[in-house]
file input_9.cif (mmCIF, C-alpha atoms)
data_work
#
loop_
_atom_site.label_atom_id
_atom_site.label_comp_id
_atom_site.auth_asym_id
_atom_site.auth_seq_id
_atom_site.Cartn_x
_atom_site.Cartn_y
_atom_site.Cartn_z
CA MET A 234 0.00 0.00 0.00
CA GLU A 235 2.75 2.44 0.97
CA GLY A 236 4.74 1.60 -2.21
CA SER A 237 1.65 2.13 -4.36
CA VAL A 238 1.11 5.58 -2.83
CA ARG A 239 4.75 6.52 -3.46
CA ARG A 240 4.47 5.45 -7.13
CA ARG A 241 1.31 7.55 -7.58
CA LEU A 242 2.98 10.53 -5.91
CA GLY A 243 5.99 10.07 -8.20
CA VAL A 244 3.77 10.16 -11.29
CA VAL A 245 2.00 13.26 -10.00
CA ALA A 246 5.37 14.95 -9.36
CA VAL A 247 6.57 14.22 -12.94
CA LEU A 248 3.33 15.52 -14.40
CA ALA A 249 3.59 18.65 -12.29
CA ALA A 250 7.16 19.19 -13.45
CA LEU A 251 6.10 18.79 -17.09
CA VAL A 252 3.37 21.37 -16.63
CA ALA A 253 5.83 23.74 -15.00
CA GLY A 254 8.25 23.23 -17.92
CA SER A 255 11.10 22.04 -15.72
CA VAL A 256 11.32 18.59 -17.35
CA VAL A 257 11.58 18.04 -21.11
CA LEU A 258 11.11 14.60 -22.59
CA ALA A 259 13.19 14.41 -25.77
CA GLY A 260 11.53 12.57 -28.65
CA PRO A 261 13.16 11.42 -31.87
CA ARG A 262 14.54 14.32 -33.91
CA GLU A 263 13.47 14.68 -37.53
CA ALA A 264 16.26 14.79 -40.10
CA THR A 265 16.71 18.20 -41.67
CA ALA A 266 17.60 18.49 -45.35
CA VAL A 267 20.75 20.48 -46.13
CA GLY A 268 21.55 22.45 -49.24
CA GLY A 269 19.09 23.09 -52.03
CA ASN A 270 20.13 26.72 -52.47
CA TRP A 271 23.25 26.15 -54.59
CA LEU A 272 24.16 26.21 -58.27
CA ALA A 273 27.26 24.60 -59.75
CA PHE A 274 28.67 26.21 -62.88
CA VAL A 275 31.75 26.62 -65.09
CA ARG A 276 34.05 29.63 -64.76
CA ASP A 277 36.39 30.42 -67.65
CA PRO A 278 39.18 32.93 -66.97
CA THR A 279 39.70 33.57 -70.70
CA GLY A 280 36.17 34.85 -71.34
CA GLY A 281 34.74 34.91 -74.85
CA SER A 282 31.79 33.05 -76.34
CA ARG A 283 33.64 29.82 -77.15
CA PHE A 284 33.48 26.74 -74.99
CA GLU A 285 36.70 25.00 -73.89
CA SER A 286 38.76 28.08 -74.63
CA GLY A 287 40.98 27.97 -71.56
CA ASP A 288 41.41 26.51 -68.08
CA GLU A 289 37.73 26.20 -67.17
CA GLU A 290 37.00 25.06 -63.61
CA ILE A 291 33.87 24.04 -61.68
CA TYR A 292 32.54 26.55 -59.16
CA ALA A 293 29.45 26.78 -56.96
CA ILE A 294 27.41 29.72 -55.73
CA ARG A 295 24.23 30.22 -53.74
CA LEU A 296 21.09 31.24 -55.59
CA ASP A 297 21.32 34.65 -53.91
CA GLY A 298 24.80 35.21 -55.35
CA THR A 299 26.77 34.63 -52.14
CA GLY A 300 29.33 32.03 -51.08
CA ALA A 301 31.05 31.49 -54.45
CA VAL A 302 33.61 28.71 -54.13
CA ARG A 303 35.98 27.00 -56.53
CA LEU A 304 35.47 23.23 -56.54
CA THR A 305 38.14 22.01 -58.99
CA SER A 306 41.72 23.14 -59.41
CA ASN A 307 43.84 21.51 -62.10
CA ALA A 308 45.43 22.11 -65.48
CA CYS A 309 42.57 20.38 -67.30
CA ILE A 310 39.30 21.75 -68.67
CA ASP A 311 36.34 21.03 -66.35
CA ILE A 312 32.86 21.69 -67.79
CA THR A 313 29.12 20.84 -67.80
CA PRO A 314 28.40 19.91 -64.15
CA ALA A 315 25.30 17.91 -63.17
CA ALA A 316 24.03 16.93 -59.71
CA SER A 317 22.39 13.70 -58.58
CA PRO A 318 18.72 14.00 -57.52
CA ASN A 319 19.62 13.44 -53.85
CA GLY A 320 22.24 16.19 -54.02
CA ARG A 321 25.02 13.89 -52.82
CA TRP A 322 27.02 13.65 -56.05
CA LEU A 323 28.32 16.13 -58.59
CA ALA A 324 29.36 14.93 -62.04
CA TRP A 325 31.19 16.89 -64.72
CA VAL A 326 33.38 16.47 -67.80
CA GLN A 327 37.14 16.73 -67.57
CA LYS A 328 39.23 17.19 -70.70
CA CYS A 329 42.97 16.63 -70.33
CA GLY A 330 44.62 16.74 -73.72
CA ASN A 331 43.01 14.01 -75.80
CA LEU A 332 41.40 12.36 -72.77
CA VAL A 333 37.76 13.33 -72.14
CA ASP A 334 36.10 11.59 -69.19
CA ILE A 335 33.29 12.01 -66.68
CA MET A 336 34.33 12.78 -63.12
CA MET A 337 32.26 12.54 -59.94
CA ALA A 338 32.74 13.74 -56.38
CA ARG A 339 30.68 13.67 -53.19
CA VAL A 340 29.00 16.94 -52.18
CA SER A 341 29.16 17.95 -48.52
CA TYR A 342 28.32 20.96 -46.32
CA ASP A 343 29.93 22.32 -43.20
CA GLY A 344 28.08 23.58 -40.13
CA ASN A 345 27.51 26.94 -41.79
CA GLY A 346 26.03 25.40 -44.93
CA GLN A 347 29.11 26.08 -47.06
CA LEU A 348 29.39 23.60 -49.95
CA SER A 349 32.47 21.59 -50.88
CA ILE A 350 33.25 18.38 -52.78
CA GLY A 351 35.47 15.40 -52.05
CA THR A 352 38.18 13.77 -54.13
CA PRO A 353 37.02 13.28 -57.75
CA THR A 354 36.68 9.81 -59.29
CA ASN A 355 36.93 9.07 -63.01
CA VAL A 356 33.85 6.91 -63.61
CA THR A 357 34.25 6.37 -67.38
CA ILE A 358 37.89 5.34 -67.49
CA GLY A 359 36.83 1.68 -67.52
CA LEU A 360 34.88 2.10 -70.77
CA GLY A 361 38.08 2.14 -72.77
CA PHE A 362 38.83 4.27 -75.81
CA GLY A 363 36.40 7.13 -76.36
CA ALA A 364 35.37 10.63 -75.29
CA ASP A 365 32.58 10.93 -72.70
CA ARG A 366 30.52 14.07 -72.12
CA TRP A 367 27.28 15.61 -70.81
CA PRO A 368 26.48 13.41 -67.75
CA GLN A 369 22.86 13.40 -66.55
CA PHE A 370 21.48 11.41 -63.60
CA SER A 371 18.13 9.64 -63.88
CA PRO A 372 15.37 11.00 -61.60
CA ASP A 373 15.68 8.00 -59.26
CA GLY A 374 19.48 8.34 -59.16
CA THR A 375 20.18 4.78 -60.34
CA LYS A 376 21.35 5.52 -63.90
CA LEU A 377 23.54 7.93 -65.79
CA ALA A 378 22.94 9.10 -69.35
CA PHE A 379 25.80 10.67 -71.29
CA ILE A 380 27.16 11.10 -74.80
CA ARG A 381 30.12 9.09 -76.03
CA LYS A 382 32.31 9.25 -79.12
CA THR A 383 34.21 6.17 -80.23
CA ASN A 384 34.29 6.30 -84.02
CA GLY A 385 33.75 9.78 -85.36
CA ASN A 386 30.50 11.03 -83.85
CA PHE A 387 28.80 11.26 -80.46
CA ASP A 388 26.04 8.80 -79.54
CA ILE A 389 23.65 8.61 -76.58
CA TRP A 390 24.70 6.11 -73.86
CA ARG A 391 23.21 4.88 -70.60
CA ALA A 392 24.80 3.15 -67.59
CA THR A 393 23.86 1.97 -64.10
CA PHE A 394 25.09 4.31 -61.37
CA SER A 395 26.06 3.39 -57.82
CA GLY A 396 27.09 5.92 -55.21
CA GLY A 397 27.98 3.74 -52.24
CA ASP A 398 30.52 4.13 -49.46
CA ASN A 399 33.28 2.91 -51.78
CA GLY A 400 32.74 5.83 -54.13
CA PRO A 401 30.82 6.43 -57.36
CA THR A 402 30.85 3.80 -60.11
CA ILE A 403 29.01 3.09 -63.35
CA SER A 404 28.39 -0.32 -64.89
CA ASN A 405 26.43 -2.03 -67.66
CA ALA A 406 27.06 0.83 -70.09
CA VAL A 407 25.08 0.50 -73.32
CA ARG A 408 24.64 2.68 -76.36
CA VAL A 409 21.04 3.88 -76.69
CA VAL A 410 21.07 5.57 -80.11
CA ARG A 411 23.65 5.39 -82.88
CA LEU A 412 23.25 7.54 -85.98
CA GLY A 413 25.14 6.94 -89.19
CA GLY A 414 27.82 9.11 -90.74
CA THR A 415 30.46 11.28 -89.17
CA HIS A 416 28.39 14.41 -89.87
CA VAL A 417 25.65 13.31 -87.46
CA GLU A 418 26.05 14.34 -83.82
CA ASP A 419 23.85 13.53 -80.82
CA CYS A 420 24.24 15.88 -77.92
CA CYS A 421 22.98 17.10 -74.59
CA VAL A 422 20.75 14.31 -73.32
CA THR A 423 18.17 14.78 -70.53
CA TRP A 424 15.79 12.48 -68.60
CA SER A 425 12.03 12.97 -68.36
CA PRO A 426 10.79 13.47 -64.77
CA ASP A 427 9.31 9.95 -64.70
CA GLY A 428 12.53 8.44 -66.06
CA ASN A 429 10.77 6.81 -69.01
CA HIS A 430 12.25 8.90 -71.81
CA LEU A 431 15.44 10.57 -72.96
CA VAL A 432 15.44 13.77 -75.00
CA TRP A 433 18.48 15.00 -76.90
CA ALA A 434 19.54 17.24 -79.77
CA SER A 435 20.69 15.82 -83.10
CA ASN A 436 21.65 17.19 -86.50
CA VAL A 437 20.38 14.06 -88.26
CA ASN A 438 18.70 16.37 -90.75
CA ARG A 439 21.89 17.08 -92.65
CA PHE A 440 20.20 19.13 -95.38
CA GLN A 441 19.05 21.79 -92.91
CA GLN A 442 22.40 21.92 -91.10
CA SER A 443 20.49 22.32 -87.84
CA PHE A 444 19.91 20.57 -84.55
CA ASN A 445 16.42 19.48 -83.53
CA LEU A 446 15.08 17.73 -80.42
CA TYR A 447 14.21 14.02 -80.34
CA ARG A 448 12.79 11.66 -77.74
CA ILE A 449 13.29 7.94 -77.20
CA ALA A 450 12.35 5.40 -74.53
CA SER A 451 15.05 5.44 -71.87
CA GLY A 452 15.30 1.65 -71.90
CA ALA A 453 16.14 1.47 -75.62
CA ALA A 454 19.48 0.03 -76.71
CA GLU A 455 21.49 0.02 -79.95
CA VAL A 456 18.89 1.80 -82.06
CA TRP A 457 20.63 2.20 -85.45
CA ASP A 458 20.77 1.13 -89.08
CA ALA A 459 17.07 1.65 -89.70
CA THR A 460 15.90 1.83 -93.30
CA THR A 461 13.81 5.00 -92.85
CA ASN A 462 15.01 8.17 -91.17
CA VAL A 463 13.15 10.73 -89.10
CA ASP A 464 13.47 13.36 -91.82
CA ARG A 465 12.84 10.84 -94.63
CA SER A 466 16.34 11.40 -95.97
CA GLY A 467 19.25 9.03 -96.43
CA ASP A 468 21.76 10.73 -94.19
CA GLY A 469 21.01 9.11 -90.82
CA THR A 470 19.82 5.85 -89.32
CA LEU A 471 17.23 6.87 -86.74
CA ASP A 472 14.37 4.39 -86.45
CA VAL A 473 11.05 6.24 -86.62
CA THR A 474 9.23 3.42 -84.84
CA VAL A 475 10.98 4.08 -81.53
CA VAL A 476 11.70 7.81 -81.63
CA ASP A 477 9.62 10.97 -81.54
CA GLN A 478 10.80 14.14 -83.27
CA LEU A 479 9.82 17.00 -80.95
CA THR A 480 10.97 20.00 -82.99
CA SER A 481 11.62 20.52 -86.69
CA GLY A 482 12.73 24.12 -87.15
CA ARG A 483 15.49 25.10 -89.54
CA GLU A 484 17.21 27.03 -86.74
CA TYR A 485 19.44 25.56 -84.04
CA GLU A 486 17.40 23.90 -81.25
CA GLY A 487 19.68 22.38 -78.63
CA THR A 488 20.85 21.84 -75.03
CA PRO A 489 17.49 20.47 -73.82
CA GLN A 490 16.72 20.03 -70.14
CA TYR A 491 13.50 18.57 -68.77
CA ASP A 492 11.84 20.72 -66.15
CA ALA A 493 9.99 19.19 -63.18
CA ASN A 494 6.61 19.88 -64.80
CA GLY A 495 7.41 17.71 -67.82
CA THR A 496 8.16 20.52 -70.26
CA VAL A 497 11.56 20.84 -71.92
CA LEU A 498 13.74 23.93 -71.64
CA PHE A 499 16.10 24.48 -74.56
CA ARG A 500 18.03 27.08 -76.51
CA CYS A 501 16.71 28.18 -79.87
CA ASN A 502 18.47 30.47 -82.33
CA CYS A 503 15.17 31.80 -83.64
CA PRO A 504 17.08 33.75 -84.92
CA ASN A 505 18.44 35.16 -81.68
CA GLY A 506 19.75 32.72 -79.08
CA ASP A 507 17.07 32.61 -76.37
CA VAL A 508 15.59 30.17 -73.84
CA TYR A 509 12.38 28.44 -74.88
CA ARG A 510 10.00 26.03 -73.16
CA LEU A 511 8.55 23.11 -75.13
CA ASN A 512 5.24 21.43 -74.34
CA VAL A 513 6.12 17.84 -75.25
CA ALA A 514 2.49 16.81 -75.74
CA THR A 515 1.48 19.61 -78.09
CA LYS A 516 4.96 20.39 -79.54
CA ALA A 517 4.22 24.08 -78.88
CA ARG A 518 7.21 26.19 -77.86
CA THR A 519 7.19 29.38 -75.79
CA ARG A 520 9.94 31.98 -75.76
CA LEU A 521 11.07 32.80 -72.22
CA THR A 522 13.96 35.26 -72.73
CA THR A 523 14.37 38.18 -75.14
CA HIS A 524 17.99 39.23 -74.64
CA LEU A 525 19.87 40.66 -77.63
CA GLY A 526 22.94 38.61 -76.73
CA LEU A 527 22.90 34.84 -76.27
CA ASP A 528 20.98 32.90 -73.60
CA ARG A 529 21.93 29.21 -73.40
CA THR A 530 22.18 25.99 -71.35
CA PRO A 531 18.91 26.49 -69.45
CA GLU A 532 17.79 24.34 -66.54
CA GLY A 533 14.91 24.40 -64.09
CA HIS A 534 15.06 24.75 -60.32
CA PRO A 535 12.25 25.01 -57.72
CA GLY A 536 12.04 28.79 -58.04
CA GLY A 537 12.09 29.02 -61.83
CA ILE A 538 14.88 28.67 -64.39
CA THR A 539 18.63 29.28 -64.58
CA TYR A 540 20.79 29.81 -67.66
CA SER A 541 23.97 31.48 -68.87
CA ARG A 542 23.81 34.77 -70.76
CA PHE A 543 26.51 35.99 -73.13
CA ASP A 544 26.34 39.77 -72.93
CA ASN A 545 28.48 40.69 -75.94
CA ALA A 546 30.93 42.35 -73.55
CA GLY A 547 33.38 39.46 -73.43
CA GLY A 548 31.78 36.76 -71.30
CA ASP A 549 28.78 34.92 -69.85
CA GLU A 550 27.03 35.41 -66.52
CA ILE A 551 24.75 33.03 -64.63
CA TYR A 552 21.14 34.21 -64.42
CA ILE A 553 18.10 33.01 -62.54
CA ALA A 554 14.54 33.98 -63.47
CA GLY A 555 10.95 33.03 -62.79
CA PRO A 556 9.34 30.02 -64.53
CA ASN A 557 8.34 32.16 -67.51
CA GLY A 558 11.62 34.06 -67.69
CA GLU A 559 10.38 36.99 -65.63
CA SER A 560 12.62 39.05 -63.33
CA PRO A 561 16.01 37.85 -64.66
CA THR A 562 18.76 38.33 -62.09
CA ASN A 563 22.52 38.18 -62.60
CA VAL A 564 23.83 35.84 -59.90
CA THR A 565 27.58 35.76 -60.58
CA ARG A 566 28.57 39.30 -61.66
CA HIS A 567 32.17 38.31 -62.31
CA PRO A 568 34.67 39.60 -64.90
CA TRP A 569 35.39 36.04 -66.04
CA SER A 570 32.97 33.98 -68.11
CA ASP A 571 30.44 31.87 -66.16
CA ARG A 572 28.43 29.16 -67.94
CA ASP A 573 26.56 25.86 -67.65
CA PRO A 574 24.60 26.35 -64.40
CA THR A 575 23.01 23.35 -62.71
CA TRP A 576 20.94 23.28 -59.54
CA ILE A 577 22.16 21.04 -56.71
CA PRO A 578 19.14 19.50 -54.90
CA PRO A 579 19.05 19.33 -51.09
CA GLN A 580 20.45 16.28 -49.35
CA PRO A 581 17.82 14.38 -47.34
#
call {"tool": "encode", "arguments": {"input": "input_9.cif", "output": "structure tokens"}}
result
Amino acid sequence: MEGSVRRRLGVVAVLAALVAGSVVLAGPREATAVGGNWLAFVRDPTGGSRFESGDEEIYAIRLDGTGAVRLTSNACIDITPAASPNGRWLAWVQKCGNLVDIMMARVSYDGNGQLSIGTPTNVTIGLGFGADRWPQFSPDGTKLAFIRKTNGNFDIWRATFSGGDNGPTISNAVRVVRLGGTHVEDCCVTWSPDGNHLVWASNVNRFQQSFNLYRIASGAAEVWDATTNVDRSGDGTLDVTVVDQLTSGREYEGTPQYDANGTVLFRCNCPNGDVYRLNVATKARTRLTTHLGLDRTPEGHPGGITYSRFDNAGGDEIYIAGPNGESPTNVTRHPWSDRDPTWIPPQP
């Protein structure tokens, strides 16, 4: 009886303490995502409108223009960064002389939210002879699309990606689309938000000397040597039964990037180089920027779009704008040339 009374008094005392705020019972803490407010990009000290014109390096900067940090430092050319959907990995292209490979490094943040990367790993060195460019992670983070040149022209490739504790690796690499002839190039591949399709730019229409946008099922492999071409000509080997031609203008239409809403952002020289948005279902395109210079390499992020703008004054700057191109803002404001922005998602 006496013990029972003491237990009840003990419970009452704890409840009283809780009410008074003198005792705090700690529950499980929810994980907080880090990052999500950073862009990676390419900075070229030589300026100019040409790509690969000097010692380009990978940098990062917050969306508000603060915290700029250099991520790579070497004598090679480092270009076209892309982040994994979980924000843990950054991929880019490194060109050292005749060697062109895809590098990856782990993204991390310090206690103040400052971004850095770990030691880079060459993930395409095991593929043997060839040049590898334009890495793009699948939406679920399990695959990597890229372009690869082995015999005269670039083709679209796909591989399985693993980002475990032992570092990033790719495996089971397979060519998705191969076009015929050294004059045909496939470039700048991007994944649809559901991961079911790949969109890229190709100049398969040799007679127009232009690039247009095409779409193919992401699981396709070795699509080539068809008897009928997309443009009904004899200059390519793109099988019309497994591909969808999204644009057909005579002007340059390139560097596509799927946005989260399923539309495709791309650059169109129509005739000025501006950012456009393509409705894949209707094939209708909408002009988003109207700069007299050159707007290129667009990409979406949760607040709108980002792209690089060549201002005719000797270099590019990184811009962000609303979803329809409204309120463009110069993020980098640097005397060197800044290009190829990509948003780095938050880490869960």
call {"tool": "resolve_selection", "arguments": {"input": "input_9.cif", "expression": "the PyMOL selection byres ((chain A and resi 274) around 7)", "output": "list in words"}}
result
Leu272, Ala273, Val275, Arg276, Ile291, Tyr292, Ala293, Pro314, Asp571, Arg572, Asp573, Pro574 and Thr575 of chain A
call {"tool": "closest_residue", "arguments": {"input": "input_9.cif", "among": "A:Ile403, A:Ala301, A:Val267, A:Ile312", "to": "Glu289 in chain A", "atoms": "all atoms listed in the file"}}
result
A:Ile312
call {"tool": "residues_around", "arguments": {"input": "input_9.cif", "residues": "Asn270 in chain A", "least_positions_apart": "6", "cutoff": "10 Å", "atoms": "all atoms listed in the file", "output": "ChimeraX atom specification"}}
result
/A:294-297,346,534-535,576-579
call {"tool": "residues_around", "arguments": {"input": "input_9.cif", "residues": "range 356-368 of chain A", "least_positions_apart": "3", "cutoff": "7 Å", "atoms": "all atoms listed in the file", "output": "ChimeraX atom specification"}}
result
/A:313,315,324-326,332-337,377-383,401-403,421
call {"tool": "resolve_selection", "arguments": {"input": "input_9.cif", "expression": "the PyMOL selection byres ((chain A and resi 319) around 7)", "output": "PyMOL selection string"}}
result
chain A and resi 317-318+320-321+578-581
call {"tool": "write_last_selection", "arguments": {"input": "input_9.cif", "atoms": "C-alpha atoms", "output": "compact mmCIF listing (two decimals), in the coordinates of the input"}}
result
# COMPACT_ATOMS: atom_id res chain seq x y z
CA SER A 317 22.39 13.70 -58.58
CA PRO A 318 18.72 14.00 -57.52
CA GLY A 320 22.24 16.19 -54.02
CA ARG A 321 25.02 13.89 -52.82
CA PRO A 578 19.14 19.50 -54.90
CA PRO A 579 19.05 19.33 -51.09
CA GLN A 580 20.45 16.28 -49.35
CA PRO A 581 17.82 14.38 -47.34
